[in-house]
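Shown next: upload-v7.txt, containing compact mmCIF, C-alpha atoms.
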```txt
# COMPACT_ATOMS: atom_id res chain seq x y z
CA MET G 1 106.07 -44.13 -1.77
CA ASN G 2 107.44 -40.72 -0.79
CA GLU G 3 110.78 -42.29 0.12
CA ILE G 4 111.07 -43.92 -3.31
CA VAL G 5 110.14 -40.71 -5.12
CA ASN G 6 112.79 -38.82 -3.15
CA ASN G 7 115.46 -41.06 -4.71
CA TYR G 8 114.74 -39.48 -8.10
CA LEU G 9 115.70 -36.08 -9.49
CA THR G 10 112.24 -34.56 -9.34
CA ASN G 11 113.01 -30.84 -8.97
CA VAL G 12 112.63 -29.78 -12.58
CA ASN G 13 113.95 -26.49 -13.95
CA GLU G 14 111.20 -25.68 -16.46
CA ASP G 15 113.18 -22.94 -18.24
CA GLY G 16 116.07 -25.35 -18.64
CA ILE G 17 113.75 -28.00 -20.09
CA ASP G 18 112.42 -25.56 -22.66
CA ARG G 19 115.94 -24.70 -23.81
CA LYS G 20 116.99 -28.36 -23.89
CA VAL G 21 114.03 -29.37 -26.05
CA ARG G 22 114.62 -26.49 -28.45
CA ASP G 23 118.24 -27.60 -28.79
CA LEU G 24 117.23 -31.23 -29.41
CA THR G 25 114.68 -30.39 -32.09
CA GLY G 26 116.39 -27.46 -33.74
CA ASN G 27 117.12 -29.46 -36.89
CA ILE G 28 114.93 -32.39 -37.93
CA THR G 29 116.12 -32.47 -41.55
CA SER G 30 118.14 -35.66 -41.15
CA ALA G 31 115.07 -37.52 -39.84
CA TYR G 32 112.72 -36.28 -42.55
CA ASN G 33 112.95 -39.28 -44.84
CA VAL G 34 110.89 -42.27 -45.96
CA PRO G 35 112.57 -44.94 -43.75
CA VAL G 36 111.99 -42.92 -40.58
CA LEU G 37 108.39 -42.12 -41.54
CA LYS G 38 107.76 -45.82 -42.17
CA GLN G 39 109.26 -46.64 -38.79
CA ILE G 40 107.02 -44.07 -37.11
CA PHE G 41 104.00 -45.53 -38.90
CA SER G 42 104.81 -48.89 -37.31
CA PHE G 43 104.74 -47.25 -33.86
CA MET G 44 101.16 -46.05 -34.17
CA ASP G 45 98.25 -47.09 -32.00
CA LEU G 46 95.41 -46.51 -34.44
CA THR G 47 92.86 -44.99 -32.12
CA TYR G 48 89.05 -45.04 -32.34
CA LEU G 49 87.67 -43.46 -29.20
CA GLU G 50 84.84 -41.27 -30.41
CA VAL G 51 81.27 -41.31 -29.14
CA ALA G 52 79.96 -42.34 -32.58
CA ASP G 53 82.31 -45.30 -33.11
CA PHE G 54 80.34 -48.47 -33.75
CA THR G 55 80.72 -52.11 -34.79
CA ASP G 56 80.46 -51.75 -38.57
CA LYS G 57 82.99 -48.92 -38.62
CA ILE G 58 85.51 -50.93 -36.61
CA ILE G 59 85.00 -54.00 -38.84
CA ASN G 60 85.90 -51.86 -41.86
CA VAL G 61 88.99 -50.55 -40.08
CA ILE G 62 90.11 -54.10 -39.29
CA LYS G 63 89.58 -55.15 -42.92
CA THR G 64 91.97 -52.38 -43.97
CA ILE G 65 94.54 -53.49 -41.40
CA ASN G 66 94.22 -57.14 -42.48
CA SER G 67 94.84 -56.31 -46.14
CA PHE G 68 97.40 -53.57 -45.67
CA ASN G 69 100.59 -55.65 -45.87
CA SER G 70 99.44 -57.61 -48.91
CA ASN G 71 98.47 -54.41 -50.71
CA PHE G 72 101.62 -52.54 -49.67
CA PRO G 73 104.35 -55.06 -48.83
CA ASP G 74 107.02 -52.39 -48.41
CA MET G 75 105.07 -50.68 -45.62
CA PRO G 76 104.92 -51.87 -42.00
CA ASN G 77 101.55 -52.24 -40.35
CA VAL G 78 100.45 -50.24 -37.33
CA ALA G 79 101.37 -51.39 -33.81
CA SER G 80 97.84 -51.68 -32.48
CA VAL G 81 94.24 -50.67 -32.84
CA CYS G 82 92.74 -49.01 -29.77
CA VAL G 83 88.99 -49.10 -29.08
CA PHE G 84 86.49 -48.90 -26.26
CA PRO G 85 86.00 -52.10 -24.21
CA THR G 86 82.66 -52.90 -25.87
CA LEU G 87 84.38 -53.09 -29.26
CA VAL G 88 87.33 -55.30 -28.23
CA LYS G 89 85.43 -58.50 -29.05
CA THR G 90 84.69 -57.16 -32.54
CA VAL G 91 88.38 -56.48 -33.12
CA LYS G 92 89.39 -59.88 -31.74
CA GLU G 93 86.93 -61.74 -33.98
CA ASN G 94 87.98 -59.91 -37.15
CA LEU G 95 91.70 -59.14 -36.79
CA LYS G 96 93.85 -61.63 -38.75
CA ILE G 97 97.26 -59.98 -38.27
CA ASN G 98 99.17 -61.54 -35.39
CA ASP G 99 101.60 -58.68 -34.76
CA VAL G 100 98.94 -55.96 -34.49
CA ASN G 101 97.91 -55.62 -30.86
CA ILE G 102 94.46 -54.94 -29.45
CA SER G 103 94.40 -51.99 -27.07
CA SER G 104 91.53 -50.68 -24.99
CA VAL G 105 90.90 -47.86 -22.54
CA VAL G 106 89.33 -48.75 -19.19
CA GLY G 107 88.38 -47.09 -15.92
CA ALA G 108 86.01 -44.25 -16.83
CA PHE G 109 88.15 -42.96 -19.67
CA PRO G 110 89.15 -40.12 -20.03
CA TYR G 111 88.72 -38.87 -16.45
CA SER G 112 89.39 -41.96 -14.31
CA GLN G 113 86.67 -40.87 -11.91
CA THR G 114 84.96 -44.05 -10.78
CA PHE G 115 85.29 -46.71 -8.10
CA GLN G 116 88.49 -48.76 -8.11
CA GLU G 117 86.43 -51.96 -7.91
CA ILE G 118 84.69 -51.00 -11.15
CA LYS G 119 88.01 -50.26 -12.84
CA ILE G 120 89.32 -53.69 -11.89
CA ALA G 121 86.16 -55.49 -13.01
CA GLU G 122 86.11 -53.63 -16.35
CA THR G 123 89.79 -54.34 -16.89
CA LYS G 124 89.38 -58.07 -16.31
CA LYS G 125 86.39 -58.23 -18.64
CA THR G 126 88.25 -56.29 -21.34
CA VAL G 127 91.25 -58.64 -21.19
CA GLU G 128 88.89 -61.64 -21.34
CA ALA G 129 87.34 -60.12 -24.48
CA GLY G 130 90.74 -60.13 -26.19
CA ALA G 131 92.68 -56.97 -25.33
CA ASN G 132 96.40 -57.51 -24.83
CA GLU G 133 97.13 -53.86 -24.04
CA ILE G 134 95.25 -51.91 -21.37
CA ASP G 135 95.29 -48.12 -21.19
CA ILE G 136 94.29 -46.42 -17.94
CA VAL G 137 94.18 -42.75 -17.01
CA PHE G 138 96.36 -41.73 -14.11
CA PRO G 139 94.29 -40.72 -11.03
CA VAL G 140 95.18 -37.03 -11.24
CA GLY G 141 92.91 -35.83 -8.42
CA ILE G 142 94.28 -38.34 -5.90
CA PHE G 143 97.82 -37.49 -7.00
CA LEU G 144 97.32 -33.74 -6.57
CA SER G 145 96.10 -34.40 -3.02
CA GLU G 146 99.57 -35.99 -2.52
CA ASP G 147 98.17 -39.40 -1.60
CA TYR G 148 100.94 -41.17 -3.49
CA ASP G 149 100.38 -44.52 -1.80
CA THR G 150 96.79 -44.73 -3.06
CA VAL G 151 97.93 -43.74 -6.57
CA PHE G 152 100.56 -46.48 -6.49
CA ASN G 153 98.13 -49.10 -5.17
CA ASN G 154 95.41 -48.23 -7.70
CA ILE G 155 97.79 -48.66 -10.63
CA LYS G 156 99.38 -51.81 -9.19
CA GLU G 157 95.97 -53.44 -8.69
CA ILE G 158 95.21 -52.94 -12.38
CA LYS G 159 98.63 -54.29 -13.38
CA ASP G 160 98.16 -57.33 -11.16
CA CYS G 161 94.86 -58.32 -12.79
CA ILE G 162 95.85 -58.19 -16.48
CA GLY G 163 98.19 -61.17 -16.73
CA ASP G 164 100.54 -60.89 -19.69
CA ALA G 165 98.81 -57.83 -21.15
CA LYS G 166 100.77 -54.57 -21.29
CA LEU G 167 99.72 -51.62 -19.14
CA LYS G 168 99.86 -48.06 -20.48
CA VAL G 169 99.35 -45.31 -17.91
CA ILE G 170 98.08 -42.03 -19.39
CA LEU G 171 99.33 -39.18 -17.20
CA GLU G 172 97.12 -36.43 -18.67
CA THR G 173 100.10 -34.12 -18.38
CA GLY G 174 98.09 -30.97 -19.06
CA ALA G 175 96.24 -31.49 -15.78
CA LEU G 176 99.34 -32.17 -13.67
CA GLN G 177 100.14 -28.43 -13.33
CA ASN G 178 103.93 -28.52 -13.62
CA MET G 179 106.93 -30.51 -14.84
CA THR G 180 107.91 -31.73 -11.38
CA ASN G 181 104.51 -33.38 -11.02
CA ILE G 182 104.92 -35.04 -14.43
CA LYS G 183 108.26 -36.50 -13.31
CA VAL G 184 106.86 -37.72 -9.97
CA ALA G 185 103.75 -39.19 -11.63
CA SER G 186 105.98 -41.05 -14.10
CA VAL G 187 108.08 -42.52 -11.28
CA ILE G 188 105.05 -43.70 -9.29
CA SER G 189 103.49 -45.26 -12.40
CA MET G 190 106.65 -47.15 -13.27
CA GLN G 191 107.13 -48.33 -9.70
CA ALA G 192 103.54 -49.65 -9.83
CA GLY G 193 104.26 -51.68 -12.97
CA ALA G 194 103.46 -49.48 -15.96
CA ASP G 195 104.85 -50.87 -19.22
CA PHE G 196 104.30 -47.55 -21.03
CA ILE G 197 103.89 -43.96 -19.91
CA GLN G 198 101.57 -41.97 -22.17
CA THR G 199 101.37 -38.19 -22.18
CA SER G 200 97.71 -37.41 -22.81
CA THR G 201 94.26 -38.76 -23.66
CA GLY G 202 93.78 -36.06 -26.28
CA LYS G 203 90.43 -35.34 -24.64
CA THR G 204 91.56 -32.69 -22.15
CA GLU G 205 93.26 -29.35 -22.81
CA PRO G 206 96.15 -28.72 -22.95
CA HIS G 207 97.31 -31.75 -24.88
CA SER G 208 100.76 -33.28 -24.99
CA SER G 209 103.86 -31.15 -25.49
CA LEU G 210 107.43 -31.91 -26.44
CA ASN G 211 108.52 -30.75 -23.00
CA ASP G 212 106.15 -33.25 -21.37
CA ALA G 213 107.53 -36.07 -23.50
CA TYR G 214 111.11 -35.07 -22.64
CA ILE G 215 110.38 -35.09 -18.89
CA ILE G 216 108.76 -38.53 -19.15
CA ALA G 217 111.74 -39.79 -21.19
CA THR G 218 114.20 -38.56 -18.55
CA ALA G 219 112.15 -40.33 -15.86
CA ILE G 220 112.19 -43.53 -17.92
CA LYS G 221 115.96 -43.27 -18.38
CA GLU G 222 116.52 -42.71 -14.66
CA PHE G 223 114.21 -45.63 -13.82
CA PHE G 224 116.13 -47.87 -16.25
CA ASP G 225 119.46 -46.82 -14.74
CA LYS G 226 118.19 -47.71 -11.26
CA THR G 227 116.24 -50.91 -12.02
CA GLY G 228 117.38 -52.25 -15.41
CA LYS G 229 113.74 -52.29 -16.59
CA LYS G 230 112.86 -50.62 -19.89
CA VAL G 231 109.53 -48.79 -19.87
CA GLY G 232 107.97 -47.52 -23.09
CA ILE G 233 106.77 -44.04 -23.94
CA LYS G 234 103.71 -42.93 -25.88
CA PRO G 235 103.18 -39.30 -26.91
CA ALA G 236 99.52 -38.70 -27.77
CA GLY G 237 97.09 -35.84 -28.16
CA ASP G 238 97.04 -33.37 -31.06
CA ILE G 239 99.94 -35.00 -32.90
CA SER G 240 98.70 -35.17 -36.46
CA ASP G 241 101.39 -33.97 -38.89
CA PRO G 242 104.75 -35.49 -39.87
CA GLU G 243 106.84 -32.50 -38.79
CA THR G 244 105.42 -32.57 -35.25
CA VAL G 245 105.77 -36.32 -34.91
CA LEU G 246 109.39 -36.14 -36.09
CA ARG G 247 110.18 -33.68 -33.31
CA TYR G 248 108.85 -36.18 -30.77
CA TYR G 249 110.86 -38.92 -32.47
CA ILE G 250 114.05 -36.87 -32.19
CA VAL G 251 113.42 -36.07 -28.51
CA ILE G 252 112.96 -39.76 -27.66
CA LYS G 253 115.86 -40.92 -29.82
CA LYS G 254 118.31 -38.42 -28.33
CA THR G 255 117.12 -38.91 -24.74
CA LEU G 256 116.63 -42.68 -24.57
CA GLY G 257 118.70 -43.89 -27.51
CA GLU G 258 118.28 -46.27 -30.43
CA GLU G 259 117.19 -49.09 -28.10
CA TRP G 260 113.81 -47.40 -27.66
CA LEU G 261 113.14 -47.02 -31.40
CA ASN G 262 110.81 -50.01 -31.73
CA LYS G 263 107.10 -50.60 -31.20
CA ASP G 264 107.70 -52.49 -27.96
CA LEU G 265 108.99 -49.29 -26.33
CA PHE G 266 107.74 -46.40 -28.46
CA ARG G 267 104.20 -45.63 -29.59
CA PHE G 268 102.19 -42.73 -30.90
CA GLY G 269 98.49 -42.30 -30.22
CA ALA G 270 97.07 -41.31 -33.55
CA LYS G 271 94.39 -41.62 -36.19
CA ASP G 272 94.69 -38.63 -38.51
CA LEU G 273 98.48 -39.06 -38.36
CA ALA G 274 98.27 -42.37 -40.23
CA ASN G 275 96.83 -40.82 -43.38
CA ASN G 276 99.10 -37.78 -43.15
CA ILE G 277 102.23 -39.93 -42.97
CA LEU G 278 101.03 -42.10 -45.86
CA THR G 279 100.32 -38.99 -47.92
CA THR G 280 103.79 -37.60 -47.16
CA ILE G 281 105.49 -40.88 -48.06
CA ASN G 282 103.53 -40.96 -51.29
CA LYS G 283 104.81 -37.49 -52.19
CA MET G 284 108.38 -38.46 -51.32
CA THR G 285 108.48 -41.74 -53.21
CA THR G 286 109.15 -42.13 -56.93
CA GLU G 287 107.12 -45.32 -57.24
CA ASP G 288 104.17 -45.12 -59.62
CA ARG G 289 101.44 -45.93 -57.14
CA LYS G 290 99.63 -44.44 -54.17
CA LEU G 291 100.16 -45.50 -50.59
CA ILE G 292 96.98 -43.81 -49.43
CA ASN G 293 94.60 -46.45 -48.11
CA HIS G 294 92.62 -44.49 -45.60
CA PHE G 295 91.86 -45.82 -42.17
CA LEU G 296 89.27 -43.10 -41.59
CA SER G 297 86.38 -44.44 -43.69
```

I'd like the structure from this file rewritten - as structure tokens, please.
Amino acid sequence: MNEIVNNYLTNVNEDGIDRKVRDLTGNITSAYNVPVLKQIFSFMDLTYLEVADFTDKIINVIKTINSFNSNFPDMPNVASVCVFPTLVKTVKENLKINDVNISSVVGAFPYSQTFQEIKIAETKKTVEAGANEIDIVFPVGIFLSEDYDTVFNNIKEIKDCIGDAKLKVILETGALQNMTNIKVASVISMQAGADFIQTSTGKTEPHSSLNDAYIIATAIKEFFDKTGKKVGIKPAGDISDPETVLRYYIVIKKTLGEEWLNKDLFRFGAKDLANNILTTINKMTTEDRKLINHFLS
């Protein structure tokens, strides 16, 4: 694995990254409009990963998703709903919208500290229950010990057992200590079969940053240039207002290009963001109705 990593530009100038990101996001005015906000809404993984989440709550969420397009035909629906493994069956039995995916977190989320055999067994059971997107947390501790082969093998074993489901690898960038590690972790994850690289669980401080997302995007671009495979990106963690999400959008658009501006390659991990975008669109539109149909009840 070390030999593969050495083929990538992994020595990151952190001061240079900070300047680059400031330059990219210096003016978001052109992106602050209803069509872009609608597009971003369609990229959202509507996330319910709280200790108090339960069956009845998730059923109500799914009812809102099922009726959303008929109530608001000019709005896209979300990309997926993300729940704990025990709630996947509930989502599967109640979701009537074919193009909304079912995501779930596995493997001792959010710390990834359990036996690999348990991660694999939980993953298989979660896919059998109906999940078509699997989110795992990158094994940060093993990575920081520089055992890159074990990191690669652990991720690949999960990828190999999920069939056609998509694999999102959550780097937990705030725990990776520096930008070079974020770049290396991204490369290893993609080599192991990751379909998406996600910044953060949102459960560990510090959360995602624009710099983190930029580094991941540059790794994805370099991987695409070398292999021809497009890997998606998912900023997540403390992204709750339209202005912040637009800055991430601009970073990804300018780094990876228009080809990545679709829900197959670009996601946001969010819950509060959904209502905030709907509220903003409502304020920006001249139509005599409200778009606010809260997902948070």

Best match for closeness to Lys234 of chain G among G:Thr201, G:Thr280, G:Thr29, G:Thr255, counting only C-alpha atoms: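 Looking only at the distances to Lys234 of chain G, the closest residue turns out to be G:Thr201.
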
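For the atom pair formed by atom CA of Leu278 of chain G and atom CA of Pro242 of chain G, the distance is 9.7 Å, given to one decimal.
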
Neighbour list for Ala213 of chain G as a ChimeraX atom specification, cut-off 9 Å, all atoms listed in the file, skip fewer than 6 positions in-chain: /G:198-199,233-235,248,251-252

Nearest to Val12 of chain G by atom-to-atom distance, counting all atoms listed in the file, from G:Thr180, G:Thr244, G:Ser208, G:Asn276: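 Nearest to Val12 of chain G: G:Thr180.
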
Nearest candidate to Met1 of chain G (options G:Thr173, G:Asn94, G:Thr126, G:Gln191; using only C-alpha atoms):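 When distances to Met1 of chain G are compared using only C-alpha atoms, the smallest one comes from G:Gln191.
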
Long-range neighbours of segment 264-267 of chain G as a PyMOL selection string, 8 Å cut-off, only C-alpha atoms, 3 positions minimum in chain: chain G and resi 43-45+79+196+230-235+260-261

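Atom CA of Asn275 of chain G sits 26.8 Å away from atom CA of Glu259 of chain G.
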
Would you pick out the contacts of segment 109-114 of chain G at 8 Å or less, using only C-alpha atoms, so that residues sharing its chain but fewer than 6 positions from it are not included, and give the list as an mmCIF file with C-alpha atoms, in the frame of the given file?
```cif
data_model
loop_
_atom_site.group_PDB
_atom_site.id
_atom_site.type_symbol
_atom_site.label_atom_id
_atom_site.label_comp_id
_atom_site.auth_asym_id
_atom_site.auth_seq_id
_atom_site.Cartn_x
_atom_site.Cartn_y
_atom_site.Cartn_z
ATOM 1 C CA ILE G 136 94.290 -46.420 -17.940
ATOM 2 C CA VAL G 137 94.180 -42.750 -17.010
ATOM 3 C CA PHE G 138 96.360 -41.730 -14.110
ATOM 4 C CA PRO G 139 94.290 -40.720 -11.030
ATOM 5 C CA THR G 201 94.260 -38.760 -23.660
ATOM 6 C CA LYS G 203 90.430 -35.340 -24.640
#
```

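The coordinates place atom CA of Glu243 of chain G at 14.1 Å from atom CA of Leu24 of chain G.
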
Residue nearest Thr279 of chain G - candidates G:Val34, G:Ile58, G:Leu144, G:Val83, atoms counted: all atoms listed in the file: G:Val34

Test item: which residues lie within 8 Å of (102.5, -40.0, -4.9) counting only C-alpha atoms, as number ranges by chain: G: 1-2, 5, 143, 146-152, 184-185, 188

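Nearest-residue note for Tyr48 of chain G: choosing from G:Lys124, G:Lys271, G:Lys283, G:Lys119, the minimum distance belongs to G:Lys271, counting all atoms listed in the file.
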
Taking (99.2, -47.3, -12.7) in the file's coordinates as the center, which residues reach within 6 Å of it, counting only C-alpha atoms, put as a short mmCIF file (atom, residue, chain, number, x, y, z; two decimals) with C-alpha atoms, in the frame of the given file?
```
data_model
loop_
_atom_site.label_atom_id
_atom_site.label_comp_id
_atom_site.auth_asym_id
_atom_site.auth_seq_id
_atom_site.Cartn_x
_atom_site.Cartn_y
_atom_site.Cartn_z
CA ILE G 155 97.79 -48.66 -10.63
CA LYS G 156 99.38 -51.81 -9.19
CA VAL G 169 99.35 -45.31 -17.91
CA SER G 189 103.49 -45.26 -12.40
CA ALA G 192 103.54 -49.65 -9.83
CA ALA G 194 103.46 -49.48 -15.96
#
```
